[in-house]
file structure-v5.cif (mmCIF, N, CA and C atoms)
data_data
#
loop_
_atom_site.label_atom_id
_atom_site.label_comp_id
_atom_site.auth_asym_id
_atom_site.auth_seq_id
_atom_site.Cartn_x
_atom_site.Cartn_y
_atom_site.Cartn_z
N MET A 1 105.38 90.84 32.65
CA MET A 1 104.24 90.95 31.77
C MET A 1 104.71 90.63 30.35
N ASN A 2 104.00 89.74 29.70
CA ASN A 2 104.38 89.43 28.32
C ASN A 2 103.77 90.47 27.38
N TYR A 3 104.23 90.45 26.13
CA TYR A 3 103.84 91.50 25.20
C TYR A 3 102.38 91.38 24.75
N ASN A 4 101.80 90.20 24.77
CA ASN A 4 100.37 90.09 24.47
C ASN A 4 99.54 90.77 25.56
N GLU A 5 99.94 90.62 26.81
CA GLU A 5 99.26 91.29 27.92
C GLU A 5 99.44 92.81 27.81
N LEU A 6 100.65 93.23 27.46
CA LEU A 6 100.92 94.65 27.29
C LEU A 6 100.05 95.24 26.18
N ALA A 7 99.91 94.50 25.09
CA ALA A 7 99.07 94.94 23.97
C ALA A 7 97.61 95.10 24.43
N LYS A 8 97.12 94.18 25.26
CA LYS A 8 95.75 94.28 25.77
C LYS A 8 95.58 95.52 26.64
N LYS A 9 96.61 95.87 27.39
CA LYS A 9 96.55 97.09 28.20
C LYS A 9 96.44 98.32 27.31
N ALA A 10 97.13 98.31 26.18
CA ALA A 10 97.04 99.43 25.23
C ALA A 10 95.64 99.51 24.63
N VAL A 11 95.06 98.37 24.32
CA VAL A 11 93.69 98.34 23.80
C VAL A 11 92.74 98.92 24.84
N ASP A 12 92.91 98.54 26.10
CA ASP A 12 92.07 99.09 27.18
C ASP A 12 92.28 100.60 27.33
N ALA A 13 93.53 101.05 27.23
CA ALA A 13 93.83 102.48 27.37
C ALA A 13 93.16 103.29 26.28
N LYS A 14 92.98 102.69 25.12
CA LYS A 14 92.34 103.37 23.98
C LYS A 14 90.94 103.86 24.35
N LYS A 15 90.28 103.19 25.29
CA LYS A 15 88.94 103.58 25.71
C LYS A 15 88.93 104.93 26.42
N LYS A 16 90.09 105.37 26.90
CA LYS A 16 90.19 106.65 27.60
C LYS A 16 90.52 107.81 26.67
N SER A 17 90.68 107.51 25.40
CA SER A 17 91.04 108.52 24.41
C SER A 17 89.97 109.61 24.33
N PHE A 18 90.43 110.84 24.12
CA PHE A 18 89.53 111.97 23.85
C PHE A 18 89.81 112.39 22.42
N ALA A 19 89.07 111.79 21.50
CA ALA A 19 89.30 112.02 20.07
C ALA A 19 88.02 112.53 19.41
N ASN A 20 87.45 113.58 19.97
CA ASN A 20 86.18 114.11 19.48
C ASN A 20 86.25 114.72 18.09
N PHE A 21 87.44 115.05 17.63
CA PHE A 21 87.57 115.71 16.33
C PHE A 21 87.89 114.72 15.21
N SER A 22 88.85 113.85 15.42
CA SER A 22 89.22 112.89 14.38
C SER A 22 88.48 111.56 14.52
N ASN A 23 87.98 111.27 15.71
CA ASN A 23 87.37 109.97 16.02
C ASN A 23 88.36 108.82 15.79
N PHE A 24 89.65 109.11 15.93
CA PHE A 24 90.71 108.10 15.79
C PHE A 24 91.33 107.92 17.17
N HIS A 25 90.95 106.85 17.84
CA HIS A 25 91.35 106.59 19.22
C HIS A 25 92.62 105.75 19.26
N VAL A 26 93.55 106.17 20.12
CA VAL A 26 94.82 105.47 20.26
C VAL A 26 95.09 105.28 21.75
N GLY A 27 95.56 104.09 22.09
CA GLY A 27 95.97 103.79 23.46
C GLY A 27 97.39 103.29 23.46
N ALA A 28 98.09 103.57 24.55
CA ALA A 28 99.48 103.10 24.69
C ALA A 28 99.67 102.55 26.08
N ALA A 29 100.56 101.58 26.18
CA ALA A 29 100.95 101.01 27.47
C ALA A 29 102.47 100.92 27.47
N LEU A 30 103.08 101.60 28.42
CA LEU A 30 104.54 101.68 28.52
C LEU A 30 104.99 100.85 29.71
N LEU A 31 105.96 99.97 29.47
CA LEU A 31 106.48 99.09 30.52
C LEU A 31 107.88 99.55 30.90
N THR A 32 108.06 99.86 32.19
CA THR A 32 109.36 100.30 32.67
C THR A 32 110.28 99.11 32.88
N GLU A 33 111.54 99.42 33.11
CA GLU A 33 112.55 98.39 33.35
C GLU A 33 112.17 97.48 34.53
N ASN A 34 111.53 98.05 35.54
CA ASN A 34 111.14 97.24 36.71
C ASN A 34 109.66 96.85 36.67
N ASP A 35 109.13 96.74 35.47
CA ASP A 35 107.78 96.22 35.21
C ASP A 35 106.64 97.06 35.75
N GLU A 36 106.84 98.36 35.89
CA GLU A 36 105.73 99.24 36.20
C GLU A 36 105.07 99.64 34.90
N LEU A 37 103.77 99.83 34.96
CA LEU A 37 102.98 100.09 33.76
C LEU A 37 102.44 101.51 33.78
N TYR A 38 102.55 102.19 32.64
CA TYR A 38 101.99 103.52 32.45
C TYR A 38 101.13 103.51 31.20
N LEU A 39 99.90 103.98 31.35
CA LEU A 39 98.98 104.01 30.22
C LEU A 39 98.89 105.42 29.65
N GLY A 40 98.56 105.49 28.39
CA GLY A 40 98.36 106.77 27.73
C GLY A 40 97.25 106.65 26.70
N ALA A 41 96.64 107.77 26.38
CA ALA A 41 95.63 107.83 25.33
C ALA A 41 95.77 109.19 24.65
N ASN A 42 95.40 109.24 23.39
CA ASN A 42 95.49 110.53 22.71
C ASN A 42 94.41 111.47 23.23
N ILE A 43 94.80 112.74 23.34
CA ILE A 43 93.90 113.78 23.81
C ILE A 43 93.96 114.89 22.77
N GLU A 44 92.84 115.08 22.08
CA GLU A 44 92.82 116.01 20.94
C GLU A 44 92.36 117.41 21.32
N ASN A 45 92.69 118.30 20.42
CA ASN A 45 92.29 119.69 20.47
C ASN A 45 91.84 120.06 19.06
N SER A 46 90.97 121.04 18.92
CA SER A 46 90.52 121.40 17.58
C SER A 46 91.66 121.88 16.70
N SER A 47 92.72 122.37 17.31
CA SER A 47 93.95 122.70 16.60
C SER A 47 94.84 121.47 16.71
N TYR A 48 94.79 120.60 15.70
CA TYR A 48 95.45 119.30 15.79
C TYR A 48 96.90 119.36 16.26
N SER A 49 97.59 120.43 15.95
CA SER A 49 99.00 120.49 16.35
C SER A 49 99.16 120.55 17.86
N LEU A 50 98.10 120.86 18.58
CA LEU A 50 98.15 120.91 20.04
C LEU A 50 97.72 119.59 20.68
N THR A 51 97.37 118.62 19.86
CA THR A 51 96.99 117.30 20.35
C THR A 51 98.21 116.58 20.90
N ILE A 52 97.99 115.74 21.93
CA ILE A 52 99.08 114.91 22.43
C ILE A 52 98.72 113.45 22.18
N CYS A 53 99.69 112.72 21.70
CA CYS A 53 99.49 111.32 21.35
C CYS A 53 99.53 110.43 22.59
N ALA A 54 99.00 109.24 22.45
CA ALA A 54 98.95 108.28 23.55
C ALA A 54 100.34 107.92 24.06
N GLU A 55 101.28 107.72 23.14
CA GLU A 55 102.62 107.31 23.53
C GLU A 55 103.29 108.38 24.40
N ARG A 56 103.16 109.63 23.98
CA ARG A 56 103.77 110.72 24.73
C ARG A 56 103.08 110.92 26.08
N THR A 57 101.77 110.71 26.14
CA THR A 57 101.07 110.80 27.42
C THR A 57 101.66 109.81 28.42
N ALA A 58 101.85 108.57 27.98
CA ALA A 58 102.40 107.54 28.87
C ALA A 58 103.85 107.82 29.25
N VAL A 59 104.67 108.20 28.27
CA VAL A 59 106.09 108.46 28.54
C VAL A 59 106.27 109.63 29.49
N PHE A 60 105.57 110.72 29.25
CA PHE A 60 105.74 111.89 30.10
C PHE A 60 105.30 111.61 31.54
N GLN A 61 104.25 110.84 31.70
CA GLN A 61 103.80 110.49 33.04
C GLN A 61 104.85 109.62 33.75
N ALA A 62 105.42 108.67 33.04
CA ALA A 62 106.45 107.80 33.63
C ALA A 62 107.69 108.60 34.02
N VAL A 63 108.10 109.50 33.14
CA VAL A 63 109.27 110.33 33.44
C VAL A 63 109.00 111.23 34.64
N LEU A 64 107.79 111.78 34.72
CA LEU A 64 107.44 112.60 35.88
C LEU A 64 107.50 111.80 37.18
N ASP A 65 107.26 110.51 37.09
CA ASP A 65 107.34 109.63 38.27
C ASP A 65 108.76 109.14 38.53
N GLY A 66 109.71 109.62 37.73
CA GLY A 66 111.12 109.30 37.99
C GLY A 66 111.70 108.15 37.20
N HIS A 67 110.95 107.58 36.29
CA HIS A 67 111.47 106.44 35.52
C HIS A 67 112.34 106.93 34.36
N ARG A 68 113.41 106.21 34.11
CA ARG A 68 114.33 106.57 33.03
C ARG A 68 114.70 105.38 32.14
N LYS A 69 114.27 104.18 32.51
CA LYS A 69 114.60 102.98 31.73
C LYS A 69 113.32 102.22 31.44
N PHE A 70 113.19 101.84 30.16
CA PHE A 70 111.95 101.24 29.69
C PHE A 70 112.24 100.00 28.84
N LYS A 71 111.31 99.05 28.89
CA LYS A 71 111.41 97.82 28.09
C LYS A 71 110.65 97.92 26.77
N ALA A 72 109.40 98.37 26.87
CA ALA A 72 108.53 98.31 25.70
C ALA A 72 107.39 99.30 25.80
N VAL A 73 106.87 99.67 24.64
CA VAL A 73 105.63 100.43 24.56
C VAL A 73 104.71 99.69 23.59
N ALA A 74 103.45 99.52 23.98
CA ALA A 74 102.46 98.90 23.10
C ALA A 74 101.53 99.99 22.60
N ILE A 75 101.09 99.84 21.34
CA ILE A 75 100.24 100.84 20.70
C ILE A 75 99.07 100.13 20.04
N ALA A 76 97.85 100.62 20.36
CA ALA A 76 96.63 100.11 19.74
C ALA A 76 95.82 101.30 19.22
N SER A 77 95.17 101.10 18.09
CA SER A 77 94.38 102.20 17.52
C SER A 77 93.09 101.65 16.90
N ASP A 78 92.32 102.56 16.30
CA ASP A 78 91.11 102.16 15.59
C ASP A 78 91.40 101.59 14.20
N PHE A 79 92.62 101.75 13.73
CA PHE A 79 93.02 101.27 12.41
C PHE A 79 92.98 99.74 12.38
N GLU A 80 92.58 99.16 11.28
CA GLU A 80 92.50 97.70 11.16
C GLU A 80 93.86 97.02 11.29
N ASP A 81 94.87 97.66 10.75
CA ASP A 81 96.21 97.08 10.73
C ASP A 81 97.03 97.65 11.89
N TYR A 82 98.31 97.40 11.91
CA TYR A 82 99.19 97.91 12.95
C TYR A 82 99.34 99.42 12.80
N CYS A 83 99.41 100.11 13.93
CA CYS A 83 99.55 101.56 13.92
C CYS A 83 100.89 101.93 14.56
N PRO A 84 101.84 102.37 13.77
CA PRO A 84 103.14 102.76 14.33
C PRO A 84 103.05 104.14 14.98
N PRO A 85 104.00 104.47 15.82
CA PRO A 85 104.02 105.82 16.40
C PRO A 85 104.31 106.86 15.32
N CYS A 86 103.73 108.05 15.50
CA CYS A 86 103.99 109.13 14.56
C CYS A 86 105.45 109.60 14.70
N GLY A 87 105.87 110.49 13.84
CA GLY A 87 107.25 110.98 13.86
C GLY A 87 107.61 111.67 15.15
N ALA A 88 106.70 112.51 15.68
CA ALA A 88 106.99 113.20 16.94
C ALA A 88 107.16 112.19 18.08
N CYS A 89 106.30 111.19 18.13
CA CYS A 89 106.41 110.18 19.17
C CYS A 89 107.68 109.34 19.01
N ARG A 90 108.05 109.05 17.78
CA ARG A 90 109.30 108.30 17.57
C ARG A 90 110.48 109.07 18.15
N GLN A 91 110.51 110.39 17.94
CA GLN A 91 111.61 111.19 18.47
C GLN A 91 111.58 111.22 20.00
N VAL A 92 110.42 111.41 20.58
CA VAL A 92 110.31 111.42 22.04
C VAL A 92 110.71 110.06 22.61
N LEU A 93 110.23 109.00 22.00
CA LEU A 93 110.60 107.66 22.46
C LEU A 93 112.11 107.44 22.34
N MET A 94 112.71 107.92 21.26
CA MET A 94 114.16 107.79 21.07
C MET A 94 114.90 108.51 22.19
N ASP A 95 114.49 109.74 22.48
CA ASP A 95 115.18 110.55 23.48
C ASP A 95 114.96 110.05 24.90
N LEU A 96 113.76 109.60 25.22
CA LEU A 96 113.45 109.26 26.60
C LEU A 96 113.47 107.77 26.91
N CYS A 97 113.37 106.93 25.87
CA CYS A 97 113.32 105.48 26.10
C CYS A 97 114.48 104.73 25.45
N GLY A 98 115.07 105.30 24.42
CA GLY A 98 116.22 104.68 23.77
C GLY A 98 115.89 103.84 22.56
N LYS A 99 116.89 103.69 21.71
CA LYS A 99 116.70 103.01 20.42
C LYS A 99 116.40 101.53 20.55
N ASP A 100 116.70 100.92 21.71
CA ASP A 100 116.46 99.49 21.88
C ASP A 100 115.07 99.17 22.42
N LEU A 101 114.23 100.18 22.58
CA LEU A 101 112.87 99.99 23.06
C LEU A 101 112.11 99.07 22.11
N ASP A 102 111.41 98.09 22.65
CA ASP A 102 110.51 97.25 21.85
C ASP A 102 109.21 98.02 21.63
N VAL A 103 108.77 98.09 20.38
CA VAL A 103 107.53 98.77 20.04
C VAL A 103 106.52 97.69 19.63
N VAL A 104 105.59 97.43 20.52
CA VAL A 104 104.59 96.38 20.33
C VAL A 104 103.38 97.01 19.66
N MET A 105 103.09 96.59 18.44
CA MET A 105 101.93 97.10 17.72
C MET A 105 100.91 95.98 17.58
N VAL A 106 99.66 96.29 17.91
CA VAL A 106 98.59 95.30 17.86
C VAL A 106 97.55 95.72 16.83
N ASN A 107 97.09 94.74 16.05
CA ASN A 107 96.05 95.05 15.06
C ASN A 107 94.69 94.62 15.60
N LYS A 108 93.65 94.77 14.80
CA LYS A 108 92.28 94.46 15.23
C LYS A 108 92.07 92.96 15.46
N LYS A 109 92.96 92.12 14.96
CA LYS A 109 92.86 90.67 15.18
C LYS A 109 93.64 90.24 16.43
N ASP A 110 94.13 91.23 17.19
CA ASP A 110 94.95 90.99 18.39
C ASP A 110 96.27 90.29 18.08
N GLU A 111 96.75 90.47 16.85
CA GLU A 111 98.08 89.99 16.47
C GLU A 111 99.07 91.10 16.77
N ILE A 112 100.29 90.73 17.11
CA ILE A 112 101.29 91.74 17.41
C ILE A 112 102.53 91.57 16.55
N ILE A 113 103.21 92.69 16.34
CA ILE A 113 104.56 92.69 15.79
C ILE A 113 105.40 93.54 16.75
N VAL A 114 106.70 93.25 16.82
CA VAL A 114 107.54 93.91 17.82
C VAL A 114 108.89 94.34 17.22
N PRO A 115 108.90 95.42 16.45
CA PRO A 115 110.19 95.94 15.99
C PRO A 115 110.86 96.76 17.10
N LYS A 116 112.14 96.93 16.99
CA LYS A 116 112.87 97.86 17.87
C LYS A 116 112.60 99.28 17.37
N LEU A 117 112.67 100.23 18.27
CA LEU A 117 112.47 101.62 17.88
C LEU A 117 113.48 102.03 16.81
N ALA A 118 114.70 101.54 16.90
CA ALA A 118 115.73 101.88 15.90
C ALA A 118 115.31 101.46 14.49
N GLU A 119 114.49 100.42 14.37
CA GLU A 119 114.00 100.00 13.06
C GLU A 119 112.97 101.00 12.52
N LEU A 120 112.22 101.63 13.42
CA LEU A 120 111.19 102.59 13.01
C LEU A 120 111.75 103.99 12.80
N LEU A 121 112.95 104.23 13.37
CA LEU A 121 113.58 105.54 13.23
C LEU A 121 115.07 105.32 12.91
N PRO A 122 115.34 104.79 11.70
CA PRO A 122 116.74 104.56 11.35
C PRO A 122 117.50 105.89 11.26
N LEU A 123 118.72 105.88 11.66
CA LEU A 123 119.55 107.08 11.68
C LEU A 123 118.90 108.19 12.49
N GLY A 124 118.23 107.78 13.57
CA GLY A 124 117.51 108.74 14.40
C GLY A 124 118.45 109.70 15.13
N PHE A 125 118.02 110.92 15.22
CA PHE A 125 118.75 111.94 15.96
C PHE A 125 118.58 111.66 17.44
N ASN A 126 119.69 111.69 18.19
CA ASN A 126 119.61 111.47 19.63
C ASN A 126 120.70 112.27 20.34
N GLU A 127 120.83 112.04 21.62
CA GLU A 127 121.77 112.82 22.44
C GLU A 127 123.23 112.68 21.99
N ASP A 128 123.55 111.60 21.28
CA ASP A 128 124.93 111.41 20.82
C ASP A 128 125.39 112.57 19.93
N TYR A 129 124.46 113.16 19.22
CA TYR A 129 124.80 114.27 18.31
C TYR A 129 125.04 115.57 19.07
N LEU A 130 124.65 115.62 20.32
CA LEU A 130 124.75 116.86 21.10
C LEU A 130 125.98 116.89 22.01
N LYS A 131 126.82 115.90 21.89
CA LYS A 131 128.01 115.83 22.76
C LYS A 131 129.22 116.42 22.07
#

call {"tool": "encode", "arguments": {"input": "structure-v5.cif", "output": "structure tokens"}}
result
Amino acid sequence: MNYNELAKKAVDAKKKSFANFSNFHVGAALLTENDELYLGANIENSSYSLTICAERTAVFQAVLDGHRKFKAVAIASDFEDYCPPCGACRQVLMDLCGKDLDVVMVNKKDEIIVPKLAELLPLGFNEDYLK
């Protein structure tokens, strides 16, 4: 699957978002090393700190299914421009997907950019510090 297709899957996943409080819908599409696809959408709670982001929804589901190696995650939102993962998602992606993960961000014009996770979380804390 190419990254434009992956980005479209994230846009489709955004339709499953439960964002009744912020009305800010986010979809994610996570691609495993063996090309399996996991979708995620943000699910809100009136106590925003209990909300789960689209990226974490997709990652946790993939990990529960036994996946440990990933190629890319695509993120689409209601924002006109590119929407990067929040800080909590960056940390989860670092820990569970690795610093070399491609982060595909799509804007409202269906244009994409693809930085590595390490670019979005420079000097990121990871398991190396715990050894």

call {"tool": "resolve_selection", "arguments": {"input": "structure-v5.cif", "expression": "the PyMOL selection byres ((chain A and resi 54) around 5)", "output": "list in words"}}
result
Ala28, Gly40, Ala41, Asn42, Ile52, Cys53, Glu55, Arg56, Thr57 and Ala58 of chain A

call {"tool": "residues_around", "arguments": {"input": "structure-v5.cif", "residues": "segment 73-78 of chain A", "least_positions_apart": "2", "cutoff": "8 Å", "atoms": "only N, CA and C atoms", "output": "PyMOL selection string"}}
result
chain A and resi 3+6-14+23-32+54-55+70-71+80-85+101-108

call {"tool": "residues_around", "arguments": {"input": "structure-v5.cif", "residues": "Thr51 of chain A", "least_positions_apart": "6", "cutoff": "12 Å", "atoms": "only C-alpha atoms", "output": "list of chain:residue names"}}
result
A:Ser17, A:Phe18, A:Ala19, A:Asn20, A:Phe21, A:Ser22, A:Ala41, A:Asn42, A:Ile43, A:Glu44, A:Asn45, A:Thr57, A:Ala88, A:Cys89

call {"tool": "atom_distance", "arguments": {"input": "structure-v5.cif", "atom1": "atom C of Gln61 of chain A", "atom2": "atom CA of Tyr38 of chain A"}}
result
6.9 Å

call {"tool": "atom_distance", "arguments": {"input": "structure-v5.cif", "atom1": "atom CA of Phe125 of chain A", "atom2": "atom C of Leu37 of chain A"}}
result
26.3 Å

call {"tool": "atom_distance", "arguments": {"input": "structure-v5.cif", "atom1": "atom C of Lys15 of chain A", "atom2": "atom N of Phe79 of chain A"}}
result
13.6 Å

call {"tool": "axis_aligned_box", "arguments": {"input": "structure-v5.cif", "around": "segment 78-93 of chain A", "padding_each_side": "5 Å", "output": "AutoDock Vina command-line options"}}
result
--center_x 101.6 --center_y 105.1 --center_z 16.7 --size_x 31.0 --size_y 26.2 --size_z 21.9

call {"tool": "select_by_dssp", "arguments": {"input": "structure-v5.cif", "residues": "chain A", "states": "alpha helix (DSSP H)", "output": "PyMOL selection string"}}
result
chain A and resi 3-14+54-64+87-97+117-120

call {"tool": "closest_residue", "arguments": {"input": "structure-v5.cif", "among": "A:Val92, A:Ser47, A:Asp100, A:Asn34", "to": "Val59 of chain A", "atoms": "all atoms listed in the file"}}
result
A:Val92

call {"tool": "select_by_dssp", "arguments": {"input": "structure-v5.cif", "residues": "chain A", "states": "strand (DSSP E)", "output": "list in words"}}
result
Val26, Gly27, Ala28, Ala29, Leu30, Leu31, Thr32, Leu37, Tyr38, Leu39, Gly40, Ala41, Phe70, Lys71, Ala72, Val73, Ala74, Ile75, Ala76, Ser77, Asp102, Val103, Val104, Met105, Val106, Ile112 and Ile113 of chain A

call {"tool": "closest_residue", "arguments": {"input": "structure-v5.cif", "among": "A:Gln91, A:Asn4, A:His67, A:Leu130", "to": "Glu111 of chain A", "atoms": "all atoms listed in the file"}}
result
A:Asn4

call {"tool": "decode", "arguments": {"input": "structure-v5.cif", "residues": "segment 59-81 of chain A", "atoms": "N, CA, C and O atoms", "output": "PDB file, in the first residue's frame"}}
result
ATOM      1  N   VAL A  59      -2.774   1.802  17.299  1.00  0.00           N
ATOM      2  CA  VAL A  59      -1.580   1.105  17.798  1.00  0.00           C
ATOM      3  C   VAL A  59      -1.955   0.050  18.830  1.00  0.00           C
ATOM      4  O   VAL A  59      -1.476  -1.090  18.765  1.00  0.00           O
ATOM      5  N   PHE A  60      -2.803   0.402  19.769  1.00  0.00           N
ATOM      6  CA  PHE A  60      -3.156  -0.554  20.819  1.00  0.00           C
ATOM      7  C   PHE A  60      -3.883  -1.767  20.242  1.00  0.00           C
ATOM      8  O   PHE A  60      -3.657  -2.896  20.661  1.00  0.00           O
ATOM      9  N   GLN A  61      -4.728  -1.542  19.262  1.00  0.00           N
ATOM     10  CA  GLN A  61      -5.426  -2.662  18.629  1.00  0.00           C
ATOM     11  C   GLN A  61      -4.434  -3.575  17.904  1.00  0.00           C
ATOM     12  O   GLN A  61      -4.523  -4.797  18.012  1.00  0.00           O
ATOM     13  N   ALA A  62      -3.477  -2.994  17.200  1.00  0.00           N
ATOM     14  CA  ALA A  62      -2.474  -3.789  16.482  1.00  0.00           C
ATOM     15  C   ALA A  62      -1.612  -4.592  17.457  1.00  0.00           C
ATOM     16  O   ALA A  62      -1.326  -5.769  17.222  1.00  0.00           O
ATOM     17  N   VAL A  63      -1.209  -3.957  18.542  1.00  0.00           N
ATOM     18  CA  VAL A  63      -0.388  -4.651  19.540  1.00  0.00           C
ATOM     19  C   VAL A  63      -1.190  -5.791  20.181  1.00  0.00           C
ATOM     20  O   VAL A  63      -0.660  -6.886  20.385  1.00  0.00           O
ATOM     21  N   LEU A  64      -2.463  -5.551  20.453  1.00  0.00           N
ATOM     22  CA  LEU A  64      -3.301  -6.613  21.007  1.00  0.00           C
ATOM     23  C   LEU A  64      -3.406  -7.801  20.054  1.00  0.00           C
ATOM     24  O   LEU A  64      -3.548  -8.939  20.487  1.00  0.00           O
ATOM     25  N   ASP A  65      -3.300  -7.542  18.766  1.00  0.00           N
ATOM     26  CA  ASP A  65      -3.339  -8.614  17.766  1.00  0.00           C
ATOM     27  C   ASP A  65      -1.969  -9.249  17.537  1.00  0.00           C
ATOM     28  O   ASP A  65      -1.819 -10.092  16.662  1.00  0.00           O
ATOM     29  N   GLY A  66      -0.973  -8.813  18.314  1.00  0.00           N
ATOM     30  CA  GLY A  66       0.341  -9.449  18.256  1.00  0.00           C
ATOM     31  C   GLY A  66       1.374  -8.780  17.377  1.00  0.00           C
ATOM     32  O   GLY A  66       2.485  -9.289  17.237  1.00  0.00           O
ATOM     33  N   HIS A  67       1.060  -7.644  16.808  1.00  0.00           N
ATOM     34  CA  HIS A  67       2.026  -6.973  15.930  1.00  0.00           C
ATOM     35  C   HIS A  67       3.027  -6.164  16.752  1.00  0.00           C
ATOM     36  O   HIS A  67       2.675  -5.534  17.740  1.00  0.00           O
ATOM     37  N   ARG A  68       4.274  -6.189  16.305  1.00  0.00           N
ATOM     38  CA  ARG A  68       5.336  -5.464  17.009  1.00  0.00           C
ATOM     39  C   ARG A  68       6.203  -4.634  16.060  1.00  0.00           C
ATOM     40  O   ARG A  68       7.066  -3.889  16.515  1.00  0.00           O
ATOM     41  N   LYS A  69       5.993  -4.764  14.752  1.00  0.00           N
ATOM     42  CA  LYS A  69       6.797  -4.014  13.777  1.00  0.00           C
ATOM     43  C   LYS A  69       5.864  -3.296  12.817  1.00  0.00           C
ATOM     44  O   LYS A  69       4.938  -3.899  12.273  1.00  0.00           O
ATOM     45  N   PHE A  70       6.177  -2.008  12.614  1.00  0.00           N
ATOM     46  CA  PHE A  70       5.297  -1.151  11.843  1.00  0.00           C
ATOM     47  C   PHE A  70       6.085  -0.325  10.831  1.00  0.00           C
ATOM     48  O   PHE A  70       7.224   0.037  11.074  1.00  0.00           O
ATOM     49  N   LYS A  71       5.433  -0.018   9.709  1.00  0.00           N
ATOM     50  CA  LYS A  71       6.043   0.807   8.661  1.00  0.00           C
ATOM     51  C   LYS A  71       5.667   2.281   8.798  1.00  0.00           C
ATOM     52  O   LYS A  71       6.516   3.159   8.708  1.00  0.00           O
ATOM     53  N   ALA A  72       4.361   2.522   8.960  1.00  0.00           N
ATOM     54  CA  ALA A  72       3.888   3.905   8.892  1.00  0.00           C
ATOM     55  C   ALA A  72       2.561   4.059   9.605  1.00  0.00           C
ATOM     56  O   ALA A  72       1.801   3.101   9.743  1.00  0.00           O
ATOM     57  N   VAL A  73       2.295   5.291  10.019  1.00  0.00           N
ATOM     58  CA  VAL A  73       0.979   5.675  10.514  1.00  0.00           C
ATOM     59  C   VAL A  73       0.568   6.935   9.755  1.00  0.00           C
ATOM     60  O   VAL A  73       1.378   7.841   9.557  1.00  0.00           O
ATOM     61  N   ALA A  74      -0.674   6.954   9.276  1.00  0.00           N
ATOM     62  CA  ALA A  74      -1.208   8.131   8.598  1.00  0.00           C
ATOM     63  C   ALA A  74      -2.206   8.801   9.534  1.00  0.00           C
ATOM     64  O   ALA A  74      -2.936   8.128  10.261  1.00  0.00           O
ATOM     65  N   ILE A  75      -2.233  10.133   9.485  1.00  0.00           N
ATOM     66  CA  ILE A  75      -3.098  10.914  10.370  1.00  0.00           C
ATOM     67  C   ILE A  75      -3.842  11.951   9.543  1.00  0.00           C
ATOM     68  O   ILE A  75      -3.235  12.715   8.782  1.00  0.00           O
ATOM     69  N   ALA A  76      -5.177  11.973   9.721  1.00  0.00           N
ATOM     70  CA  ALA A  76      -6.027  12.964   9.060  1.00  0.00           C
ATOM     71  C   ALA A  76      -6.921  13.597  10.125  1.00  0.00           C
ATOM     72  O   ALA A  76      -7.363  12.926  11.051  1.00  0.00           O
ATOM     73  N   SER A  77      -7.176  14.887   9.966  1.00  0.00           N
ATOM     74  CA  SER A  77      -8.023  15.575  10.945  1.00  0.00           C
ATOM     75  C   SER A  77      -8.922  16.588  10.244  1.00  0.00           C
ATOM     76  O   SER A  77      -8.909  16.706   9.022  1.00  0.00           O
ATOM     77  N   ASP A  78      -9.695  17.320  11.049  1.00  0.00           N
ATOM     78  CA  ASP A  78     -10.537  18.386  10.526  1.00  0.00           C
ATOM     79  C   ASP A  78      -9.754  19.664  10.234  1.00  0.00           C
ATOM     80  O   ASP A  78     -10.274  20.578   9.602  1.00  0.00           O
ATOM     81  N   PHE A  79      -8.528  19.739  10.705  1.00  0.00           N
ATOM     82  CA  PHE A  79      -7.681  20.913  10.519  1.00  0.00           C
ATOM     83  C   PHE A  79      -7.350  21.080   9.034  1.00  0.00           C
ATOM     84  O   PHE A  79      -7.157  20.097   8.322  1.00  0.00           O
ATOM     85  N   GLU A  80      -7.278  22.295   8.554  1.00  0.00           N
ATOM     86  CA  GLU A  80      -6.976  22.544   7.141  1.00  0.00           C
ATOM     87  C   GLU A  80      -5.579  22.073   6.745  1.00  0.00           C
ATOM     88  O   GLU A  80      -5.360  21.597   5.645  1.00  0.00           O
ATOM     89  N   ASP A  81      -4.640  22.238   7.645  1.00  0.00           N
ATOM     90  CA  ASP A  81      -3.248  21.906   7.363  1.00  0.00           C
ATOM     91  C   ASP A  81      -2.942  20.511   7.918  1.00  0.00           C
ATOM     92  O   ASP A  81      -3.833  19.790   8.351  1.00  0.00           O
TER      93      ASP A  81
END
